[in-house]
Structures are given as structure tokens and as C-alpha cells.
$ cat target-v9.txt   # compact mmCIF, C-alpha atoms and all ligand atoms
# COMPACT_ATOMS: atom_id res chain seq x y z
CA MET S 224 0.00 0.00 0.00
CA ASP S 225 1.53 3.35 -0.86
CA THR S 226 1.96 6.32 1.40
CA ASN S 227 -1.12 8.05 0.03
CA THR S 228 -3.33 5.63 1.90
CA VAL S 229 -4.59 6.02 5.46
CA THR S 230 -5.91 2.77 6.91
CA LEU S 231 -7.86 2.80 10.15
CA SER S 232 -9.65 -0.52 9.78
CA LEU S 233 -8.85 -3.12 7.21
CA ASN S 234 -10.92 -5.75 5.54
CA GLY S 235 -10.53 -7.67 2.29
CA SER S 236 -7.21 -9.47 2.18
CA ASN S 237 -5.41 -7.48 4.89
CA HIS S 238 -7.09 -8.08 8.19
CA ASN S 239 -6.61 -6.50 11.52
CA HIS S 240 -8.40 -7.78 14.57
CA THR S 241 -10.84 -4.90 14.84
CA ALA S 242 -12.21 -5.42 11.34
CA VAL S 243 -12.49 -9.21 11.70
CA ASN S 244 -14.14 -8.86 15.13
CA GLN S 245 -16.62 -6.34 13.75
CA PHE S 246 -17.38 -8.59 10.75
CA HIS S 247 -17.93 -11.56 13.10
CA GLU S 248 -20.09 -9.50 15.47
CA ASP S 249 -22.26 -8.13 12.62
CA VAL S 250 -22.64 -11.54 10.92
CA LEU S 251 -23.57 -13.24 14.18
CA ARG S 252 -26.02 -10.50 15.18
CA GLY S 253 -27.62 -10.64 11.71
CA LEU S 254 -27.91 -14.41 11.48
CA THR S 255 -29.30 -14.81 15.00
CA SER S 256 -31.94 -12.10 14.56
CA THR S 257 -35.49 -12.71 13.31
CA PRO S 258 -35.73 -12.41 10.37
CA LYS S 259 -32.13 -13.24 9.52
CA ARG S 260 -30.14 -10.55 7.73
CA LEU S 261 -26.62 -9.71 6.49
CA ASP S 262 -25.17 -6.24 6.01
CA SER S 263 -24.64 -5.39 2.33
CA LYS S 264 -21.50 -3.37 3.14
CA TYR S 265 -19.75 -6.76 3.48
CA PHE S 266 -20.41 -7.70 -0.17
CA TYR S 267 -17.18 -6.03 -1.17
CA ASP S 268 -14.17 -8.30 -0.68
CA ALA S 269 -11.82 -8.67 -3.68
CA ILE S 270 -14.22 -11.15 -5.38
CA GLY S 271 -17.26 -8.98 -4.53
CA ASP S 272 -15.48 -5.92 -6.01
CA GLN S 273 -14.90 -7.88 -9.25
CA LEU S 274 -18.49 -9.16 -9.35
CA PHE S 275 -19.75 -5.60 -8.90
CA GLN S 276 -17.56 -4.55 -11.86
CA ASP S 277 -19.10 -7.39 -13.91
CA LEU S 278 -22.57 -6.28 -12.82
CA MET S 279 -21.87 -2.72 -13.94
CA ASN S 280 -21.07 -4.08 -17.40
CA CYS S 281 -24.15 -6.26 -17.76
CA ALA S 282 -27.00 -5.12 -19.99
CA GLU S 283 -29.78 -5.12 -17.38
CA TYR S 284 -27.94 -3.12 -14.71
CA TYR S 285 -28.85 0.39 -15.94
CA PRO S 286 -27.89 2.68 -12.93
CA THR S 287 -24.19 2.81 -13.84
CA ASN S 288 -24.83 3.78 -17.46
CA CYS S 289 -27.37 6.42 -16.43
CA GLU S 290 -24.99 8.08 -14.00
CA LEU S 291 -22.13 7.65 -16.46
CA ASP S 292 -24.24 9.55 -19.01
CA ILE S 293 -24.41 12.47 -16.54
CA PHE S 294 -20.70 12.40 -15.63
CA LYS S 295 -19.56 11.97 -19.24
CA ASN S 296 -21.94 14.31 -21.04
CA GLN S 297 -22.61 17.01 -18.43
CA THR S 298 -19.16 17.26 -16.88
CA ALA S 299 -18.86 21.03 -17.31
CA ALA S 300 -22.27 21.66 -15.69
CA LEU S 301 -21.34 19.33 -12.85
CA ALA S 302 -18.01 21.04 -12.31
CA LYS S 303 -19.56 24.51 -12.49
CA SER S 304 -22.15 23.58 -9.85
CA ILE S 305 -19.59 22.35 -7.35
CA ILE S 306 -17.03 25.10 -7.94
CA GLY S 307 -19.48 28.01 -8.06
CA ASN S 308 -17.69 31.34 -7.83
CA ASP S 309 -15.28 29.98 -5.32
CA GLN S 310 -11.82 29.56 -6.84
CA ASP S 311 -10.29 28.31 -3.58
CA ASP S 312 -8.61 24.95 -3.29
CA PHE S 313 -11.12 22.35 -2.03
CA ASP S 314 -11.36 18.71 -0.94
CA LEU S 315 -13.37 16.42 -3.23
CA ILE S 316 -14.32 13.47 -1.03
CA GLU S 317 -15.97 10.37 -2.49
CA LEU S 318 -17.91 8.04 -0.17
CA GLY S 319 -17.78 4.39 -1.35
CA ALA S 320 -15.61 5.30 -4.34
CA GLY S 321 -15.38 1.80 -5.86
CA ASP S 322 -13.31 2.04 -9.06
CA ALA S 323 -14.08 5.81 -9.38
CA MET S 324 -14.88 5.15 -13.03
CA LYS S 325 -17.62 7.84 -13.23
CA SER S 326 -15.96 10.37 -10.94
CA SER S 327 -12.76 10.12 -13.05
CA TYR S 328 -14.54 12.17 -15.76
CA LEU S 329 -15.03 14.98 -13.25
CA LEU S 330 -11.49 14.61 -11.86
CA LYS S 331 -10.01 14.84 -15.38
CA TYR S 332 -12.13 17.87 -16.25
CA LEU S 333 -11.08 19.70 -13.06
CA LEU S 334 -7.42 18.85 -13.70
CA ASP S 335 -7.61 20.00 -17.33
CA GLU S 336 -9.21 23.27 -16.22
CA GLY S 337 -6.37 23.84 -13.71
CA ILE S 338 -8.77 23.83 -10.73
CA LYS S 339 -7.01 23.26 -7.40
CA PHE S 340 -8.41 20.36 -5.38
CA THR S 341 -7.48 17.18 -3.52
CA TYR S 342 -9.38 13.95 -4.16
CA LEU S 343 -10.07 11.78 -1.09
CA PRO S 344 -11.75 8.48 -2.02
CA ILE S 345 -13.22 6.62 0.97
CA ASP S 346 -14.02 2.93 0.85
CA ILE S 347 -14.53 0.14 3.36
CA SER S 348 -12.79 -2.24 0.95
CA ALA S 349 -8.99 -2.18 1.39
CA HIS S 350 -8.72 -3.77 -2.05
CA VAL S 351 -10.61 -0.84 -3.65
CA ILE S 352 -8.31 1.73 -2.04
CA GLU S 353 -5.17 -0.21 -3.04
CA GLU S 354 -6.39 -0.39 -6.66
CA LEU S 355 -7.21 3.34 -6.70
CA ASP S 356 -3.77 4.17 -5.30
CA THR S 357 -2.15 2.23 -8.14
CA ASN S 358 -4.48 3.26 -10.94
CA LEU S 359 -5.11 6.97 -10.29
CA ALA S 360 -1.38 7.73 -10.23
CA LYS S 361 -1.17 6.26 -13.76
CA THR S 362 -4.46 7.42 -15.31
CA LEU S 363 -4.60 10.93 -13.84
CA PRO S 364 -0.99 12.11 -13.42
CA GLY S 365 -0.83 15.33 -11.41
CA LEU S 366 -3.91 14.47 -9.33
CA ASN S 367 -3.51 15.18 -5.61
CA PHE S 368 -5.19 12.30 -3.87
CA ARG S 369 -5.23 10.34 -0.65
CA GLY S 370 -7.16 7.10 -0.20
CA LEU S 371 -9.00 6.54 3.08
CA ASN S 372 -9.88 2.93 3.94
CA GLY S 373 -12.75 2.61 6.39
CA GLU S 374 -16.37 3.46 7.18
CA TYR S 375 -18.04 6.53 5.61
CA PHE S 376 -18.34 8.75 8.67
CA GLU S 377 -15.16 7.64 10.46
CA MET S 378 -13.20 8.52 7.31
CA LEU S 379 -15.11 11.76 6.80
CA GLN S 380 -14.00 12.76 10.29
CA LYS S 381 -10.46 11.73 9.37
CA ALA S 382 -10.66 13.90 6.23
CA ALA S 383 -11.72 16.87 8.36
CA THR S 384 -8.53 16.50 10.42
CA LEU S 385 -6.38 16.49 7.26
CA SER S 386 -7.40 19.95 6.03
CA ASN S 387 -9.82 22.78 6.76
CA LYS S 388 -10.56 23.36 3.07
CA ARG S 389 -14.11 23.50 1.71
CA LYS S 390 -15.51 20.01 1.26
CA VAL S 391 -17.50 18.61 -1.68
CA VAL S 392 -18.74 15.09 -0.92
CA LEU S 393 -19.66 12.69 -3.75
CA PHE S 394 -21.95 9.77 -2.90
CA LEU S 395 -22.60 8.09 -6.25
CA GLY S 396 -24.04 4.89 -7.69
CA SER S 397 -27.27 5.18 -5.71
CA ASN S 398 -25.36 3.94 -2.65
CA ILE S 399 -27.87 6.04 -0.73
CA GLY S 400 -30.49 3.55 -1.97
CA ASN S 401 -28.85 0.87 0.17
CA MET S 402 -30.88 2.42 2.99
CA PRO S 403 -34.66 2.65 3.38
CA VAL S 404 -36.01 6.22 2.99
CA ALA S 405 -36.04 7.12 6.72
CA GLU S 406 -32.49 5.78 7.18
CA ALA S 407 -31.32 7.62 4.05
CA GLU S 408 -32.73 10.83 5.52
CA ALA S 409 -30.92 10.16 8.84
CA PHE S 410 -27.74 9.55 6.79
CA CYS S 411 -28.12 12.94 5.03
CA HIS S 412 -28.67 14.54 8.42
CA GLU S 413 -25.46 13.03 9.75
CA LEU S 414 -23.66 14.06 6.55
CA ARG S 415 -24.91 17.63 6.95
CA ASN S 416 -23.72 17.64 10.59
CA SER S 417 -20.26 16.46 9.49
CA LEU S 418 -19.96 19.43 7.10
CA SER S 419 -19.83 23.23 7.41
CA PRO S 420 -21.83 25.99 5.70
CA GLY S 421 -20.72 26.30 2.07
CA ASP S 422 -19.70 22.62 1.85
CA MET S 423 -21.57 20.55 -0.74
CA ALA S 424 -22.92 17.08 -1.39
CA LEU S 425 -23.47 15.44 -4.78
CA ILE S 426 -25.70 12.40 -4.32
CA GLY S 427 -26.79 9.89 -7.01
CA PHE S 428 -30.42 8.76 -6.63
CA ASP S 429 -32.02 6.04 -8.74
CA LEU S 430 -35.56 7.11 -9.66
CA LYS S 431 -38.80 5.12 -9.75
CA LYS S 432 -39.49 3.80 -13.26
CA ASN S 433 -41.09 0.79 -14.96
CA PRO S 434 -41.03 -1.94 -12.28
CA LYS S 435 -39.92 -4.57 -14.83
CA THR S 436 -36.85 -2.49 -15.74
CA ILE S 437 -35.95 -2.17 -12.07
CA LEU S 438 -36.45 -5.83 -11.18
CA ALA S 439 -34.45 -7.01 -14.22
CA ALA S 440 -31.45 -4.96 -13.02
CA TYR S 441 -31.34 -7.07 -9.84
CA ASN S 442 -32.12 -10.35 -11.58
CA ASP S 443 -29.74 -10.32 -14.57
CA GLY S 444 -29.79 -13.20 -17.04
CA ASP S 445 -26.14 -14.12 -16.43
CA GLY S 446 -26.78 -14.57 -12.69
CA ILE S 447 -24.14 -12.02 -11.66
CA THR S 448 -26.37 -10.50 -8.94
CA LYS S 449 -26.98 -14.02 -7.63
CA LYS S 450 -23.23 -14.72 -7.49
CA PHE S 451 -22.65 -11.31 -5.88
CA ASN S 452 -25.11 -12.16 -3.06
CA LEU S 453 -23.86 -15.74 -2.61
CA ASN S 454 -20.27 -14.50 -2.47
CA LEU S 455 -20.98 -13.03 0.97
CA LEU S 456 -21.63 -16.59 2.25
CA SER S 457 -18.30 -17.68 0.70
CA ARG S 458 -16.62 -14.71 2.35
CA ILE S 459 -18.03 -15.78 5.75
CA ASN S 460 -16.68 -19.29 5.07
CA LYS S 461 -13.21 -17.92 4.28
CA GLU S 462 -12.90 -15.23 6.92
CA LEU S 463 -14.89 -16.65 9.84
CA GLY S 464 -14.28 -20.37 9.26
CA ALA S 465 -17.93 -21.13 8.43
CA ASP S 466 -19.21 -24.04 6.34
CA PHE S 467 -22.07 -22.55 4.29
CA LYS S 468 -22.98 -24.90 1.42
CA VAL S 469 -23.49 -22.03 -0.99
CA GLU S 470 -25.38 -24.18 -3.53
CA GLN S 471 -28.05 -24.74 -0.87
CA PHE S 472 -29.11 -21.08 -1.07
CA ASP S 473 -30.94 -19.28 -3.87
CA HIS S 474 -31.20 -15.58 -4.75
CA TYR S 475 -34.65 -13.93 -4.63
CA PRO S 476 -35.07 -10.27 -5.67
CA THR S 477 -38.36 -8.31 -5.34
CA TYR S 478 -39.52 -4.81 -6.25
CA ASP S 479 -42.50 -3.01 -4.73
CA PRO S 480 -43.58 -0.12 -6.99
CA GLU S 481 -45.62 1.44 -4.16
CA THR S 482 -42.74 1.91 -1.73
CA GLY S 483 -39.92 1.94 -4.33
CA ALA S 484 -38.08 -0.73 -2.32
CA CYS S 485 -36.14 -3.30 -4.36
CA LYS S 486 -34.95 -6.00 -1.96
CA SER S 487 -32.68 -9.04 -2.31
CA TYR S 488 -32.94 -12.18 -0.23
CA LEU S 489 -31.11 -15.52 -0.06
CA ILE S 490 -33.46 -18.45 0.47
CA SER S 491 -32.33 -21.60 2.28
CA LEU S 492 -33.16 -24.55 0.01
CA ALA S 493 -32.88 -27.08 2.84
CA ASP S 494 -33.25 -27.47 6.57
CA GLN S 495 -29.57 -27.04 7.50
CA LYS S 496 -27.06 -26.04 10.15
CA VAL S 497 -24.07 -23.78 9.45
CA HIS S 498 -21.09 -23.76 11.81
CA LEU S 499 -18.71 -20.88 12.42
CA ALA S 500 -15.85 -23.17 13.45
CA ASP S 501 -13.47 -20.34 14.38
CA TYR S 502 -16.00 -19.18 16.97
CA ASN S 503 -17.63 -22.48 17.99
CA GLU S 504 -21.09 -21.29 16.97
CA SER S 505 -23.83 -22.78 14.83
CA ILE S 506 -26.87 -21.32 13.12
CA HIS S 507 -29.96 -23.21 12.05
CA PHE S 508 -31.79 -22.46 8.78
CA GLN S 509 -35.23 -23.85 8.09
CA LYS S 510 -36.06 -24.88 4.53
CA ASP S 511 -37.38 -21.78 2.66
CA GLU S 512 -36.20 -19.41 5.40
CA TYR S 513 -34.81 -16.15 4.00
CA ILE S 514 -31.80 -13.96 4.75
CA TYR S 515 -32.49 -10.31 3.98
CA MET S 516 -29.42 -9.10 2.06
CA GLU S 517 -29.90 -5.65 0.56
CA ILE S 518 -32.31 -2.86 -0.26
CA SER S 519 -31.91 -0.72 -3.41
CA GLN S 520 -34.43 2.03 -2.75
CA LYS S 521 -35.89 3.97 -5.70
CA PHE S 522 -36.98 7.57 -5.15
CA THR S 523 -39.28 10.22 -6.59
CA THR S 524 -37.90 13.73 -7.21
CA GLU S 525 -40.38 15.02 -4.59
CA GLN S 526 -38.90 12.66 -1.98
CA ILE S 527 -35.39 13.84 -2.85
CA LYS S 528 -36.32 17.52 -2.62
CA SER S 529 -37.98 17.07 0.76
CA MET S 530 -34.99 15.05 1.96
CA ALA S 531 -32.72 18.02 1.17
CA ALA S 532 -35.06 20.46 2.92
CA ASN S 533 -35.50 18.19 5.98
CA THR S 534 -31.78 17.69 6.50
CA GLY S 535 -30.46 21.25 6.21
CA PHE S 536 -29.31 21.25 2.60
CA GLN S 537 -30.20 23.81 -0.06
CA THR S 538 -30.70 22.54 -3.61
CA VAL S 539 -28.15 23.83 -6.13
CA LYS S 540 -29.06 21.67 -9.13
CA TYR S 541 -30.51 18.34 -10.24
CA LEU S 542 -28.84 16.72 -13.26
CA PHE S 543 -30.69 13.92 -15.07
CA ASP S 544 -29.55 11.30 -17.60
CA ALA S 545 -31.09 11.27 -21.09
CA LYS S 546 -33.77 8.74 -20.06
CA ASN S 547 -34.67 10.58 -16.82
CA TRP S 548 -34.05 7.36 -14.91
CA PHE S 549 -31.41 8.70 -12.51
CA THR S 550 -30.52 12.02 -10.93
CA ASP S 551 -27.40 13.49 -9.37
CA ALA S 552 -28.57 15.94 -6.73
CA ILE S 553 -26.21 18.81 -5.92
CA TRP S 554 -26.88 20.33 -2.51
CA ARG S 555 -25.15 23.02 -0.44
CA VAL S 556 -25.01 23.13 3.37
CA GLN S 557 -27.08 26.11 4.51
C1 LIG C 1 -22.22 -0.13 -5.12
S1 LIG C 1 -20.51 0.20 -5.01
C2 LIG C 1 -20.50 1.78 -5.82
C3 LIG C 1 -19.15 2.21 -6.25
C4 LIG C 1 -19.14 3.58 -6.92
N1 LIG C 1 -19.53 4.64 -6.01
C5 LIG C 1 -20.03 3.60 -8.14
O1 LIG C 1 -20.95 4.42 -8.17
O2 LIG C 1 -19.79 2.83 -9.06
C6 LIG C 1 -20.41 0.61 -3.32
C7 LIG C 1 -19.02 0.92 -2.79
O3 LIG C 1 -19.18 1.47 -1.46
C8 LIG C 1 -18.33 0.81 -0.54
N2 LIG C 1 -19.02 0.81 0.76
C9 LIG C 1 -20.19 0.18 1.07
N3 LIG C 1 -20.54 0.43 2.35
C10 LIG C 1 -19.57 1.25 2.86
C11 LIG C 1 -19.37 1.88 4.13
N4 LIG C 1 -20.25 1.71 5.12
N5 LIG C 1 -18.28 2.67 4.31
C12 LIG C 1 -17.40 2.84 3.28
N6 LIG C 1 -17.53 2.27 2.05
C13 LIG C 1 -18.60 1.50 1.84
C14 LIG C 1 -18.13 -0.58 -1.13
O4 LIG C 1 -16.93 -1.18 -0.71
C15 LIG C 1 -18.15 -0.32 -2.64
O5 LIG C 1 -16.87 -0.07 -3.18
$ encode --input "target-v9.txt" --output "C-alpha cells" --more "lines below"
Ligand SMILES: C[S@@+](CC[C@H](N)C(=O)[O-])C[C@H]1O[C@@H](n2cnc3c(N)ncnc32)[C@H](O)[C@@H]1O
Amino acid sequence: MDTNTVTLSLNGSNHNHTAVNQFHEDVLRGLTSTPKRLDSKYFYDAIGDQLFQDLMNCAEYYPTNCELDIFKNQTAALAKSIIGNDQDDFDLIELGAGDAMKSSYLLKYLLDEGIKFTYLPIDISAHVIEELDTNLAKTLPGLNFRGLNGEYFEMLQKAATLSNKRKVVLFLGSNIGNMPVAEAEAFCHELRNSLSPGDMALIGFDLKKNPKTILAAYNDGDGITKKFNLNLLSRINKELGADFKVEQFDHYPTYDPETGACKSYLISLADQKVHLADYNESIHFQKDEYIYMEISQKFTTEQIKSMAANTGFQTVKYLFDAKNWFTDAIWRVQ
């Protein structure tokens, strides 16, 4: 890992005890609760990162292409909205940066325009931050950047200790949709409280649309979403010494057009016991019992506007893709 990276808690291939203990604690709490659940933030080990890349390239998974359309074709408008009249050096922080494929268009534009800024990608996956460290130095020479490996808000606090420059926080890919509406609003509230007046947030929201289009994105023909979900069981096997028989679980996605909640479950295909050998624990699954894996919430523009107003943000601009399926909301802290 190069010197650009700050690591407070590691997961992926480089473990420290805190991260492994937290993973164990969260898995055990989730699998002993009723109904059973697993936290989707643990999808992203090195294999999960690759499967997410594959998912982004599959025909049915439209959110990436929609947001890419905005970042590729409206880069100047995006840049103008976050720079405003302020020519001062600023920190561009990205929560859950992944491969930064979309944000790279903005980074390149800002560099080409000679705008002064530092890019601080945050990700819970150590693998993601290692890859960014290697790749950004090559693809965007001259970019000031510093990778932060850890949880969103812990790393946001860390970023605040690194400089007192104005902050612009990117939260792309409809990551905000991995929370139900009330939780997403609480998240925006916490984000607002972590920032100062004049700071900004740019948040990608996936919009409600034809329910069949939405459901297909989480039920792709090549079974990548299924593999992505099942990989978390394999990760628990590898990292916590469990013995999940992965083939004894199936993937079940649903979408409710009334609430806008698209949810993924794993269904136990047999009555079975799973042991976490490293911890001397076992968990019983009834046949047809489900594990709640992830929500991908879809929003209306009205919901997004009231979320901004309720959490102390002022709307600067909403940018939409050509199909009006996705929006990047640009908000300023009042
Ligand atoms: C769905 S991917 C999106 C990646 C990228 N933002 C995009 O739009 O393509 C989510 C990313 O957020 C990271 N992530 C998920 N939960 C996180 C958390 N609580 N703290 C920090 N990073 C997190 C994952 O490791 C993953 O790289």
C-alpha cells in the first residue's frame, strides 16, 4: 500500500483484529436475529469488487450507465455547480468510491481546467483503495489524492482533520439507496452535521421507473447478482471459518412499486445447520427461510427535494440522464 493511503480498519485481504471482530459481530447478530439478515456493506471483498464490476457491465444493470451519461456528457455543468464562484482549493471526497470510473470524468475535467483540489476516495474495501492508489497515479498524473480505507463517517472525520478546506462530498451509484427512505434521511442529516456551511454534497439517486426495468437490473440473465449475493456466504466461510454450502441457497429479488423498495434475499433450500468453526457457533436455517441481504431504494424527485429540505441542505441543481431514470442531486449546506 503506498503512502497516500490512510488505513484505520482493514478488511478484504489485509485483516486487523478490529475489522475481523466487527465482521464476526455483525454476521452473528444478523444471522441470529429474526428475520435473519446480512449487512450489504460486506459484499465487497476482492471477489465482490470484481463481481460488482461485472454487474456494472451487464445489460440489465442500468444505474451505472445512467450516472455515467451524466458524468460523461454534463461534466462542465457538474463542475460549475460544485465550484461556483469559489476559486479556492477544495477537498473532493468520495464516499464508497469503488473504481471511481464515473468520478474520473469529473477529476479529469477539473485537472484540465487547472482547478485546485485534492481527491479523497473513501471505501470500506482495502482492495478498492489499493487499486485506486495504483491506478489513479497512472491514469490521472498530477492528481492530488489520498485514499482513506474505512467506514463513511469515520473517514469523513479523518478527512476533516487532514485539512480545513471546503468540502465537496460525492456519494454516487445510488449507494444512498442501500438504505430505506427514513435511514437515508438520517444519513443525510449526519452528513450535513459532518460538514460546514458552504460545503456541498453530490448524491446519485435512482428514480422510480417501470417496475420490470428495475427488477431485471437485480435479476440479470447471467446470474451475476446471484453470485454477488452468494459471495458473501463464501466470504463468511473464508474469513470466519464457516461451512455454508453455498449451492443450498438461492437468490430472490423483489420490487414493490408502491414503496420503491427493491430488496434481495437468499433463500435456504434445505433445513440445514451452518457452523462458524473459528468461533464455535452454529446457526440453524429452516427450509425456505430467507436472509435479507440488501435494499436498493428507488426515489421520486419530490422525496429527494424534501430530503434536502428536511436535513439542512439547499438545492443547487438536479442533473438527469437522457432517459430521466437517474438524478445526481447537488446540494449546499445552509
Ligand atoms: C455499489 S458500489 C458503488 C461504487 C461507486 N460509487 C459507483 O458508483 O460505481 C459501493 C461501494 O461502497 C463501498 N461501501 C459500502 N458500504 C460502505 C461503508 N459503510 N463505508 C465505506 N464504504 C462502503 C463498497 O466497498 C463499494 O466499493
$ closest_residue --input "target-v9.txt" --among "S:Ser529, S:Asn398, S:Thr524, S:Gln310" --to "ligand LIG 1 (chain C)" --atoms "all atoms listed in the file"
S:Asn398
$ residues_around --input "target-v9.txt" --residues "Asn280 in chain S" --least-positions-apart "3" --cutoff "12 Å" --atoms "all atoms listed in the file" --output "list in words"
Gln273, Leu274, Phe275, Gln276, Asp277, Glu283, Tyr284, Tyr285, Pro286, Thr287, Asn288, Leu291, Met324, Ala440, Asp443, Asp445, Ile447 and Thr448 of chain S
$ residues_near_ligand --input "target-v9.txt" --ligand "ligand LIG 1 (chain C)" --cutoff "6 Å" --atoms "all atoms listed in the file" --output "PDB file with C-alpha atoms, in the frame of the given file"
ATOM      1  CA  LYS S 264     -21.500  -3.370   3.140  1.00  0.00           C
ATOM      2  CA  TYR S 267     -17.180  -6.030  -1.170  1.00  0.00           C
ATOM      3  CA  GLY S 319     -17.780   4.390  -1.350  1.00  0.00           C
ATOM      4  CA  ALA S 320     -15.610   5.300  -4.340  1.00  0.00           C
ATOM      5  CA  GLY S 321     -15.380   1.800  -5.860  1.00  0.00           C
ATOM      6  CA  ASP S 346     -14.020   2.930   0.850  1.00  0.00           C
ATOM      7  CA  ILE S 347     -14.530   0.140   3.360  1.00  0.00           C
ATOM      8  CA  SER S 348     -12.790  -2.240   0.950  1.00  0.00           C
ATOM      9  CA  GLY S 373     -12.750   2.610   6.390  1.00  0.00           C
ATOM     10  CA  GLU S 374     -16.370   3.460   7.180  1.00  0.00           C
ATOM     11  CA  TYR S 375     -18.040   6.530   5.610  1.00  0.00           C
ATOM     12  CA  LEU S 395     -22.600   8.090  -6.250  1.00  0.00           C
ATOM     13  CA  GLY S 396     -24.040   4.890  -7.690  1.00  0.00           C
ATOM     14  CA  ASN S 398     -25.360   3.940  -2.650  1.00  0.00           C
TER      15      ASN S 398
END
$ residues_near_point --input "target-v9.txt" --point "(-37.0, -16.8, 0.7)" --cutoff "7 Å" --atoms "all atoms listed in the file" --output "list in words"
Tyr475, Tyr488, Leu489, Ile490, Ser491, Asp511, Glu512 and Tyr513 of chain S
$ residues_around --input "target-v9.txt" --residues "Ile316 in chain S" --least-positions-apart "5" --cutoff "10 Å" --atoms "all atoms listed in the file" --output "PyMOL selection string"
chain S and resi 341-345+368-371+378-379+382+390-394+424
$ closest_residue --input "target-v9.txt" --among "S:Gln537, S:Thr255, S:Leu425, S:Leu438" --to "Ile305 in chain S" --atoms "only C-alpha atoms"
S:Leu425
$ atom_distance --input "target-v9.txt" --atom1 "CA of Phe428 in chain S" --atom2 "CA of Ser397 in chain S"
4.9 Å
$ residues_around --input "target-v9.txt" --residues "Ala465 in chain S" --least-positions-apart "3" --cutoff "9 Å" --atoms "all atoms listed in the file" --output "list in words"
Leu456, Ser457, Arg458, Ile459, Asn460, Lys461, Glu462, Val497, His498, Leu499, Ala500, Asp501, Tyr502 and Ser505 of chain S
$ residues_around --input "target-v9.txt" --residues "range 412-420 of chain S" --least-positions-apart "6" --cutoff "12 Å" --atoms "all atoms listed in the file" --output "PyMOL selection string"
chain S and resi 314+316+318+375-384+387-394+399+405-406+426+530-537+554-557
$ build_atoms --input "target-v9.txt" --residues "range 323-339 of chain S" --atoms "N, CA, C and O atoms" --output "PDB file, in the coordinates of the input"
ATOM      1  N   ALA S 323     -14.083   4.373  -9.030  1.00  0.00           N
ATOM      2  CA  ALA S 323     -14.080   5.810  -9.380  1.00  0.00           C
ATOM      3  C   ALA S 323     -14.192   6.022 -10.884  1.00  0.00           C
ATOM      4  O   ALA S 323     -13.745   7.050 -11.399  1.00  0.00           O
ATOM      5  N   MET S 324     -14.805   5.079 -11.576  1.00  0.00           N
ATOM      6  CA  MET S 324     -14.880   5.150 -13.030  1.00  0.00           C
ATOM      7  C   MET S 324     -15.648   6.422 -13.464  1.00  0.00           C
ATOM      8  O   MET S 324     -15.204   7.163 -14.335  1.00  0.00           O
ATOM      9  N   LYS S 325     -16.812   6.676 -12.821  1.00  0.00           N
ATOM     10  CA  LYS S 325     -17.620   7.840 -13.230  1.00  0.00           C
ATOM     11  C   LYS S 325     -16.982   9.131 -12.741  1.00  0.00           C
ATOM     12  O   LYS S 325     -16.875  10.104 -13.490  1.00  0.00           O
ATOM     13  N   SER S 326     -16.527   9.132 -11.479  1.00  0.00           N
ATOM     14  CA  SER S 326     -15.960  10.370 -10.940  1.00  0.00           C
ATOM     15  C   SER S 326     -14.687  10.770 -11.683  1.00  0.00           C
ATOM     16  O   SER S 326     -14.325  11.960 -11.708  1.00  0.00           O
ATOM     17  N   SER S 327     -14.002   9.794 -12.322  1.00  0.00           N
ATOM     18  CA  SER S 327     -12.760  10.120 -13.050  1.00  0.00           C
ATOM     19  C   SER S 327     -13.017  11.162 -14.151  1.00  0.00           C
ATOM     20  O   SER S 327     -12.126  11.962 -14.470  1.00  0.00           O
ATOM     21  N   TYR S 328     -14.227  11.154 -14.739  1.00  0.00           N
ATOM     22  CA  TYR S 328     -14.540  12.170 -15.760  1.00  0.00           C
ATOM     23  C   TYR S 328     -14.501  13.570 -15.145  1.00  0.00           C
ATOM     24  O   TYR S 328     -13.992  14.513 -15.751  1.00  0.00           O
ATOM     25  N   LEU S 329     -15.044  13.687 -13.928  1.00  0.00           N
ATOM     26  CA  LEU S 329     -15.030  14.980 -13.250  1.00  0.00           C
ATOM     27  C   LEU S 329     -13.605  15.347 -12.825  1.00  0.00           C
ATOM     28  O   LEU S 329     -13.166  16.486 -13.007  1.00  0.00           O
ATOM     29  N   LEU S 330     -12.871  14.359 -12.301  1.00  0.00           N
ATOM     30  CA  LEU S 330     -11.490  14.610 -11.860  1.00  0.00           C
ATOM     31  C   LEU S 330     -10.652  15.113 -13.038  1.00  0.00           C
ATOM     32  O   LEU S 330      -9.904  16.082 -12.914  1.00  0.00           O
ATOM     33  N   LYS S 331     -10.804  14.473 -14.198  1.00  0.00           N
ATOM     34  CA  LYS S 331     -10.010  14.840 -15.380  1.00  0.00           C
ATOM     35  C   LYS S 331     -10.375  16.257 -15.821  1.00  0.00           C
ATOM     36  O   LYS S 331      -9.495  17.069 -16.135  1.00  0.00           O
ATOM     37  N   TYR S 332     -11.682  16.543 -15.823  1.00  0.00           N
ATOM     38  CA  TYR S 332     -12.130  17.870 -16.250  1.00  0.00           C
ATOM     39  C   TYR S 332     -11.532  18.944 -15.337  1.00  0.00           C
ATOM     40  O   TYR S 332     -11.000  19.957 -15.814  1.00  0.00           O
ATOM     41  N   LEU S 333     -11.599  18.713 -14.015  1.00  0.00           N
ATOM     42  CA  LEU S 333     -11.080  19.700 -13.060  1.00  0.00           C
ATOM     43  C   LEU S 333      -9.575  19.894 -13.244  1.00  0.00           C
ATOM     44  O   LEU S 333      -9.079  21.026 -13.231  1.00  0.00           O
ATOM     45  N   LEU S 334      -8.875  18.776 -13.468  1.00  0.00           N
ATOM     46  CA  LEU S 334      -7.420  18.850 -13.700  1.00  0.00           C
ATOM     47  C   LEU S 334      -7.115  19.651 -14.960  1.00  0.00           C
ATOM     48  O   LEU S 334      -6.263  20.548 -14.958  1.00  0.00           O
ATOM     49  N   ASP S 335      -7.837  19.325 -16.044  1.00  0.00           N
ATOM     50  CA  ASP S 335      -7.610  20.000 -17.330  1.00  0.00           C
ATOM     51  C   ASP S 335      -7.891  21.499 -17.232  1.00  0.00           C
ATOM     52  O   ASP S 335      -7.280  22.300 -17.937  1.00  0.00           O
ATOM     53  N   GLU S 336      -8.856  21.860 -16.388  1.00  0.00           N
ATOM     54  CA  GLU S 336      -9.210  23.270 -16.220  1.00  0.00           C
ATOM     55  C   GLU S 336      -8.276  23.993 -15.245  1.00  0.00           C
ATOM     56  O   GLU S 336      -8.447  25.178 -14.973  1.00  0.00           O
ATOM     57  N   GLY S 337      -7.342  23.242 -14.642  1.00  0.00           N
ATOM     58  CA  GLY S 337      -6.370  23.840 -13.710  1.00  0.00           C
ATOM     59  C   GLY S 337      -6.989  24.218 -12.367  1.00  0.00           C
ATOM     60  O   GLY S 337      -6.465  25.081 -11.655  1.00  0.00           O
ATOM     61  N   ILE S 338      -8.114  23.569 -12.013  1.00  0.00           N
ATOM     62  CA  ILE S 338      -8.770  23.830 -10.730  1.00  0.00           C
ATOM     63  C   ILE S 338      -7.976  23.143  -9.613  1.00  0.00           C
ATOM     64  O   ILE S 338      -7.560  21.991  -9.776  1.00  0.00           O
ATOM     65  N   LYS S 339      -7.794  23.848  -8.501  1.00  0.00           N
ATOM     66  CA  LYS S 339      -7.010  23.260  -7.400  1.00  0.00           C
ATOM     67  C   LYS S 339      -7.920  22.476  -6.462  1.00  0.00           C
ATOM     68  O   LYS S 339      -8.892  23.035  -5.928  1.00  0.00           O
TER      69      LYS S 339
END
